[in-house]
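Enquirer: Dropping the structure in here first, questions after.
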Amino acid sequence: MSLLSGCLRRAWLPVALIRATALDLAVLAGHLLLYPTGLTPERHPATGPDATTLPTTGRSHPPVVLLHGFIDNRSVFVLLRRSLARHGWRHLESLNYSPLTADIRAAAALLGRHVEDICARTGHPEVDIVGHSLGGLIARYYVQCLGGERRVRTLVTLGTPHGGTRSAQLAHAHPIGRQMCPGSALIEELRAPAPGVRTRFVGFWSDLDTLMIPVGTARVEHPDLIARNIRVTGIGHLALPVHPAVAAGVRQALTADEPEAAGQDAFSVA
């Protein structure tokens, strides 16, 4: 029986990989059309004593910050943002960091300033963050190394190279590409002890993510972090921030402290 299941698995994998690759190419084509719409930063009201604030009690969700990946922009979250808005999230913001950014640490510091501005403008003491790929790594550095754990309630990462990815060697000429390689100084810094970090981490990783090498590198694995990893079967790297099944998983992850929110550690979108 185990031999049969192994043969079926080997037969299924190429078909699934072809489907996932085709979907990623379709997502890429659509995203290229939307990309220009996300080049400019979002506009926000000025911070001040008269600024309108959102309610911080009852069922109001904390603001959600969406953080894109390498050489991308906020347009990648159009569908996820729409999904969250339809299900009751009232305050959603995206941060564009420059493709010329040469250091994950600098991008994390920028994220920290952005989060402080959001908290000042909305009256919420905490935010949630959803980061795709490199965006999740930037957010993790902010939380783990720059004191962001006091501001970030939940960090959801989608296909983020927490342990570094060998595919980053293809972008070795770029400083951030080198930082995403396994064994880099930054990756080793994130392996260091992190006692007292109270932020919840939820790592979505796909078994067909060809940019995460090995695929398990997208899991959050650190003894000091409160982490849960969710395996996604049937889609690749680019589909993670746009697939409706992943969006539903993200909504569950962001409401994990609510009694009716049910979670799962794996799901298939095939």
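Each chain of the structure tokens is named A, B, ... in the order shown, its residues numbered from 1; ligands are numbered from 1 in display order.
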Would you please give, as a list of chain:residue names, all residues of range 42-174 of chain A that DSSP assigns to strand (DSSP E) based on the backbone?
Expert: A:Val64, A:Val65, A:Leu66, A:Leu67, A:Leu92, A:Glu93, A:Ser94, A:Leu95, A:Val127, A:Asp128, A:Ile129, A:Val130, A:Gly131, A:His132, A:Val152, A:Arg153, A:Thr154, A:Leu155, A:Val156, A:Thr157, A:Leu158
Enquirer: Go ahead and save the picked residues with N, CA, C and O atoms, as a CSV table (one decimal), in the first residue's frame.
Expert:
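Output saved as out.csv:
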chain,number,residue,atom,x,y,z
A,64,VAL,N,-4.6,46.4,9.5
A,64,VAL,CA,-3.8,45.4,8.8
A,64,VAL,C,-2.8,46.1,7.9
A,64,VAL,O,-3.3,46.9,7.0
A,65,VAL,N,-1.5,45.9,8.0
A,65,VAL,CA,-0.5,46.4,7.1
A,65,VAL,C,-0.1,45.3,6.1
A,65,VAL,O,0.2,44.2,6.5
A,66,LEU,N,-0.2,45.6,4.8
A,66,LEU,CA,0.2,44.7,3.8
A,66,LEU,C,1.5,45.0,3.2
A,66,LEU,O,1.7,46.2,2.8
A,67,LEU,N,2.5,44.1,3.2
A,67,LEU,CA,3.8,44.4,2.8
A,67,LEU,C,4.3,43.4,1.7
A,67,LEU,O,4.3,42.2,1.9
A,92,LEU,N,-7.2,49.1,6.3
A,92,LEU,CA,-6.2,48.3,5.6
A,92,LEU,C,-5.2,49.3,4.9
A,92,LEU,O,-5.6,50.2,4.2
A,93,GLU,N,-3.9,49.0,5.1
A,93,GLU,CA,-2.9,49.9,4.6
A,93,GLU,C,-1.8,49.1,3.9
A,93,GLU,O,-1.4,48.0,4.4
A,94,SER,N,-1.2,49.6,2.9
A,94,SER,CA,0.0,49.0,2.2
A,94,SER,C,1.2,49.9,2.3
A,94,SER,O,1.0,51.1,2.2
A,95,LEU,N,2.3,49.3,2.5
A,95,LEU,CA,3.6,50.1,2.5
A,95,LEU,C,4.4,49.7,1.3
A,95,LEU,O,4.7,48.5,1.1
A,127,VAL,N,-1.2,46.6,15.5
A,127,VAL,CA,-1.6,46.3,14.1
A,127,VAL,C,-1.3,44.8,13.9
A,127,VAL,O,-0.6,44.1,14.6
A,128,ASP,N,-1.9,44.3,12.8
A,128,ASP,CA,-1.5,43.0,12.2
A,128,ASP,C,-0.8,43.3,10.9
A,128,ASP,O,-1.0,44.3,10.3
A,129,ILE,N,0.1,42.4,10.6
A,129,ILE,CA,0.9,42.5,9.3
A,129,ILE,C,0.7,41.3,8.5
A,129,ILE,O,0.8,40.2,9.0
A,130,VAL,N,0.5,41.4,7.2
A,130,VAL,CA,0.6,40.3,6.3
A,130,VAL,C,1.7,40.6,5.3
A,130,VAL,O,1.6,41.7,4.6
A,131,GLY,N,2.7,39.8,5.2
A,131,GLY,CA,3.8,40.0,4.3
A,131,GLY,C,4.0,38.9,3.4
A,131,GLY,O,4.0,37.7,3.7
A,132,HIS,N,4.2,39.3,2.1
A,132,HIS,CA,4.4,38.3,1.0
A,132,HIS,C,5.9,38.2,0.8
A,132,HIS,O,6.6,39.2,0.6
A,152,VAL,N,3.0,44.8,17.1
A,152,VAL,CA,2.4,43.8,16.1
A,152,VAL,C,1.8,42.7,16.9
A,152,VAL,O,2.5,41.9,17.6
A,153,ARG,N,0.5,42.5,16.7
A,153,ARG,CA,-0.2,41.5,17.4
A,153,ARG,C,0.0,40.1,16.7
A,153,ARG,O,0.4,39.1,17.3
A,154,THR,N,-0.2,40.1,15.4
A,154,THR,CA,-0.1,38.9,14.6
A,154,THR,C,0.7,39.3,13.3
A,154,THR,O,0.4,40.3,12.6
A,155,LEU,N,1.7,38.4,12.9
A,155,LEU,CA,2.4,38.6,11.7
A,155,LEU,C,2.1,37.3,10.9
A,155,LEU,O,2.5,36.2,11.3
A,156,VAL,N,1.5,37.5,9.7
A,156,VAL,CA,1.2,36.4,8.8
A,156,VAL,C,2.2,36.5,7.6
A,156,VAL,O,2.3,37.6,7.0
A,157,THR,N,2.9,35.5,7.3
A,157,THR,CA,3.8,35.5,6.2
A,157,THR,C,3.4,34.5,5.1
A,157,THR,O,2.9,33.4,5.4
A,158,LEU,N,3.5,34.9,3.8
A,158,LEU,CA,3.1,34.1,2.7
A,158,LEU,C,4.3,33.8,1.9
A,158,LEU,O,4.9,34.7,1.2
Enquirer: Please identify which residues in range 32-246 of chain A DSSP calls alpha helix (DSSP H) from the backbone, and express them as an mmCIF file with C-alpha atoms, in the first residue's frame.
Expert:
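What landed in part_3.cif:
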data_model
loop_
_atom_site.group_PDB
_atom_site.id
_atom_site.type_symbol
_atom_site.label_atom_id
_atom_site.label_comp_id
_atom_site.auth_asym_id
_atom_site.auth_seq_id
_atom_site.Cartn_x
_atom_site.Cartn_y
_atom_site.Cartn_z
ATOM 1 C CA LEU A 32 1.940 43.144 -14.671
ATOM 2 C CA LEU A 33 -1.227 44.933 -15.793
ATOM 3 C CA LEU A 34 -1.969 46.099 -12.246
ATOM 4 C CA VAL A 78 -5.637 44.019 -4.549
ATOM 5 C CA LEU A 79 -7.609 40.776 -4.152
ATOM 6 C CA LEU A 80 -6.558 40.035 -0.573
ATOM 7 C CA ARG A 81 -7.394 43.576 0.442
ATOM 8 C CA ARG A 82 -10.829 43.286 -1.165
ATOM 9 C CA SER A 83 -11.430 39.985 0.641
ATOM 10 C CA LEU A 84 -10.521 41.450 4.025
ATOM 11 C CA ALA A 85 -12.678 44.525 3.433
ATOM 12 C CA ARG A 86 -15.683 42.382 2.511
ATOM 13 C CA ILE A 104 16.320 44.549 4.970
ATOM 14 C CA ARG A 105 17.174 46.251 8.247
ATOM 15 C CA ALA A 106 16.573 49.701 6.726
ATOM 16 C CA ALA A 107 13.267 48.525 5.247
ATOM 17 C CA ALA A 108 12.283 47.160 8.678
ATOM 18 C CA ALA A 109 13.030 50.540 10.270
ATOM 19 C CA LEU A 110 10.832 52.210 7.641
ATOM 20 C CA LEU A 111 8.074 49.731 8.455
ATOM 21 C CA GLY A 112 8.422 50.649 12.131
ATOM 22 C CA ARG A 113 7.874 54.336 11.368
ATOM 23 C CA HIS A 114 4.890 53.434 9.206
ATOM 24 C CA VAL A 115 3.351 51.364 12.008
ATOM 25 C CA GLU A 116 3.823 54.168 14.536
ATOM 26 C CA ASP A 117 2.063 56.543 12.145
ATOM 27 C CA ILE A 118 -0.851 54.128 11.735
ATOM 28 C CA CYS A 119 -1.243 53.739 15.490
ATOM 29 C CA ALA A 120 -1.180 57.519 15.940
ATOM 30 C CA ARG A 121 -3.756 58.073 13.202
ATOM 31 C CA THR A 122 -6.187 55.310 14.146
ATOM 32 C CA LEU A 134 10.518 39.357 1.284
ATOM 33 C CA GLY A 135 7.825 41.492 2.929
ATOM 34 C CA GLY A 136 7.373 38.837 5.593
ATOM 35 C CA LEU A 137 11.107 38.774 6.267
ATOM 36 C CA ILE A 138 11.201 42.563 6.653
ATOM 37 C CA ALA A 139 8.265 42.416 9.059
ATOM 38 C CA ARG A 140 9.851 39.601 11.052
ATOM 39 C CA TYR A 141 13.071 41.590 11.448
ATOM 40 C CA TYR A 142 11.051 44.577 12.672
ATOM 41 C CA VAL A 143 9.187 42.430 15.198
ATOM 42 C CA GLN A 144 12.094 40.336 16.388
ATOM 43 C CA CYS A 145 15.016 42.773 16.290
ATOM 44 C CA PRO A 175 22.385 43.326 -1.513
ATOM 45 C CA ILE A 176 18.932 42.126 -0.471
ATOM 46 C CA GLY A 177 19.378 39.033 -2.631
ATOM 47 C CA ARG A 178 22.507 38.227 -0.635
ATOM 48 C CA GLN A 179 20.656 38.804 2.645
ATOM 49 C CA ALA A 185 24.386 37.444 8.475
ATOM 50 C CA LEU A 186 20.768 38.584 8.553
ATOM 51 C CA ILE A 187 19.335 35.054 8.503
ATOM 52 C CA GLU A 188 21.694 34.084 11.308
ATOM 53 C CA GLU A 189 20.611 37.172 13.257
ATOM 54 C CA LEU A 190 17.023 35.950 13.064
ATOM 55 C CA ARG A 191 18.133 32.567 14.433
ATOM 56 C CA PRO A 244 -9.207 32.956 -2.380
ATOM 57 C CA ALA A 245 -8.465 29.852 -0.284
ATOM 58 C CA VAL A 246 -5.315 31.490 1.084
#
Enquirer: Please, what distance in Å, to one decimal, runs between CA of Tyr35 in chain A and CA of Ser268 in chain A?
Expert: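 Going from CA of Tyr35 in chain A over to CA of Ser268 in chain A, I get 28.0 Å.
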Enquirer: Measure the distance from CA of Leu211 in chain A to CA of His174 in chain A in Å and round it to one decimal.
Expert: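 Atom-to-atom, CA of Leu211 in chain A and CA of His174 in chain A are spaced 16.4 Å apart.
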Enquirer: Name all residues at most 12 Å from Val220 in chain A (count only C-alpha atoms; drop same-chain ones fewer than 4 positions away) and give them as a PyMOL selection string.
Expert: chain A and resi 136-137+140+155-164+190-191+200-205+215-216+224-231
Enquirer: Mind writing the picked residues with N, CA and C atoms as a compact mmCIF listing (two decimals), in the first residue's frame?
Expert:
# COMPACT_ATOMS: atom_id res chain seq x y z
N GLY A 136 7.47 39.53 4.31
CA GLY A 136 7.37 38.84 5.59
C GLY A 136 8.68 38.84 6.35
N LEU A 137 9.80 38.77 5.62
CA LEU A 137 11.11 38.77 6.27
C LEU A 137 11.40 40.15 6.87
N ARG A 140 9.31 40.41 9.96
CA ARG A 140 9.85 39.60 11.05
C ARG A 140 11.05 40.30 11.69
N LEU A 155 1.66 38.42 12.94
CA LEU A 155 2.38 38.55 11.68
C LEU A 155 2.11 37.31 10.85
N VAL A 156 1.46 37.50 9.69
CA VAL A 156 1.19 36.42 8.75
C VAL A 156 2.16 36.54 7.59
N THR A 157 2.88 35.47 7.30
CA THR A 157 3.82 35.50 6.17
C THR A 157 3.37 34.51 5.11
N LEU A 158 3.52 34.91 3.85
CA LEU A 158 3.12 34.10 2.70
C LEU A 158 4.35 33.82 1.86
N GLY A 159 4.83 32.60 1.89
CA GLY A 159 5.99 32.25 1.09
C GLY A 159 7.22 33.08 1.41
N THR A 160 7.51 33.23 2.69
CA THR A 160 8.64 34.04 3.14
C THR A 160 9.86 33.15 3.43
N PRO A 161 11.04 33.50 2.95
CA PRO A 161 12.24 32.67 3.17
C PRO A 161 12.83 32.86 4.57
N HIS A 162 12.14 32.34 5.58
CA HIS A 162 12.59 32.54 6.95
C HIS A 162 13.97 31.94 7.20
N GLY A 163 14.27 30.86 6.53
CA GLY A 163 15.58 30.24 6.68
C GLY A 163 16.53 30.56 5.54
N GLY A 164 16.14 31.52 4.70
CA GLY A 164 16.91 31.82 3.50
C GLY A 164 16.54 30.86 2.38
N LEU A 190 18.38 36.35 12.73
CA LEU A 190 17.02 35.95 13.06
C LEU A 190 16.98 34.60 13.78
N ARG A 191 18.06 33.84 13.70
CA ARG A 191 18.13 32.57 14.43
C ARG A 191 18.53 32.77 15.89
N ARG A 200 2.27 36.86 17.57
CA ARG A 200 1.94 35.54 17.01
C ARG A 200 2.40 35.51 15.55
N PHE A 201 3.06 34.43 15.15
CA PHE A 201 3.50 34.24 13.78
C PHE A 201 2.69 33.13 13.13
N VAL A 202 2.26 33.37 11.91
CA VAL A 202 1.59 32.33 11.13
C VAL A 202 2.26 32.30 9.76
N GLY A 203 2.89 31.17 9.44
CA GLY A 203 3.63 31.06 8.19
C GLY A 203 2.92 30.15 7.19
N PHE A 204 2.45 30.71 6.10
CA PHE A 204 1.88 29.92 5.01
C PHE A 204 3.00 29.52 4.07
N TRP A 205 3.11 28.23 3.80
CA TRP A 205 4.14 27.76 2.88
C TRP A 205 3.53 26.74 1.92
N VAL A 215 11.50 24.01 0.15
CA VAL A 215 10.19 24.61 0.40
C VAL A 215 9.94 24.86 1.88
N GLY A 216 10.52 24.02 2.73
CA GLY A 216 10.33 24.19 4.17
C GLY A 216 10.94 25.45 4.74
N ASP A 224 11.82 30.39 20.37
CA ASP A 224 11.30 31.46 21.21
C ASP A 224 10.06 32.13 20.65
N LEU A 225 9.66 31.80 19.44
CA LEU A 225 8.54 32.49 18.81
C LEU A 225 7.26 31.66 18.91
N ILE A 226 6.15 32.35 19.07
CA ILE A 226 4.83 31.72 19.06
C ILE A 226 4.43 31.58 17.60
N ALA A 227 4.62 30.40 17.05
CA ALA A 227 4.47 30.24 15.60
C ALA A 227 3.59 29.05 15.25
N ARG A 228 2.85 29.22 14.19
CA ARG A 228 2.04 28.17 13.60
C ARG A 228 2.28 28.19 12.10
N ASN A 229 2.52 27.05 11.51
CA ASN A 229 2.79 26.97 10.08
C ASN A 229 1.67 26.22 9.37
N ILE A 230 1.26 26.76 8.22
CA ILE A 230 0.14 26.20 7.48
C ILE A 230 0.62 25.82 6.08
N ARG A 231 0.53 24.54 5.79
CA ARG A 231 0.96 24.04 4.49
C ARG A 231 -0.16 24.21 3.46
Enquirer: Kindly give the distance, in Å, that separates CA of Thr165 in chain A and CA of Thr199 in chain A, rounded to a single decimal.
Expert: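 Distance between the two atoms: 23.8 Å.
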Enquirer: With only C-alpha atoms as the atoms that count, which of A:His87, A:Ser206, A:Ser167, A:Ala26 lies nearest to Ala248 in chain A?
Expert: A:His87
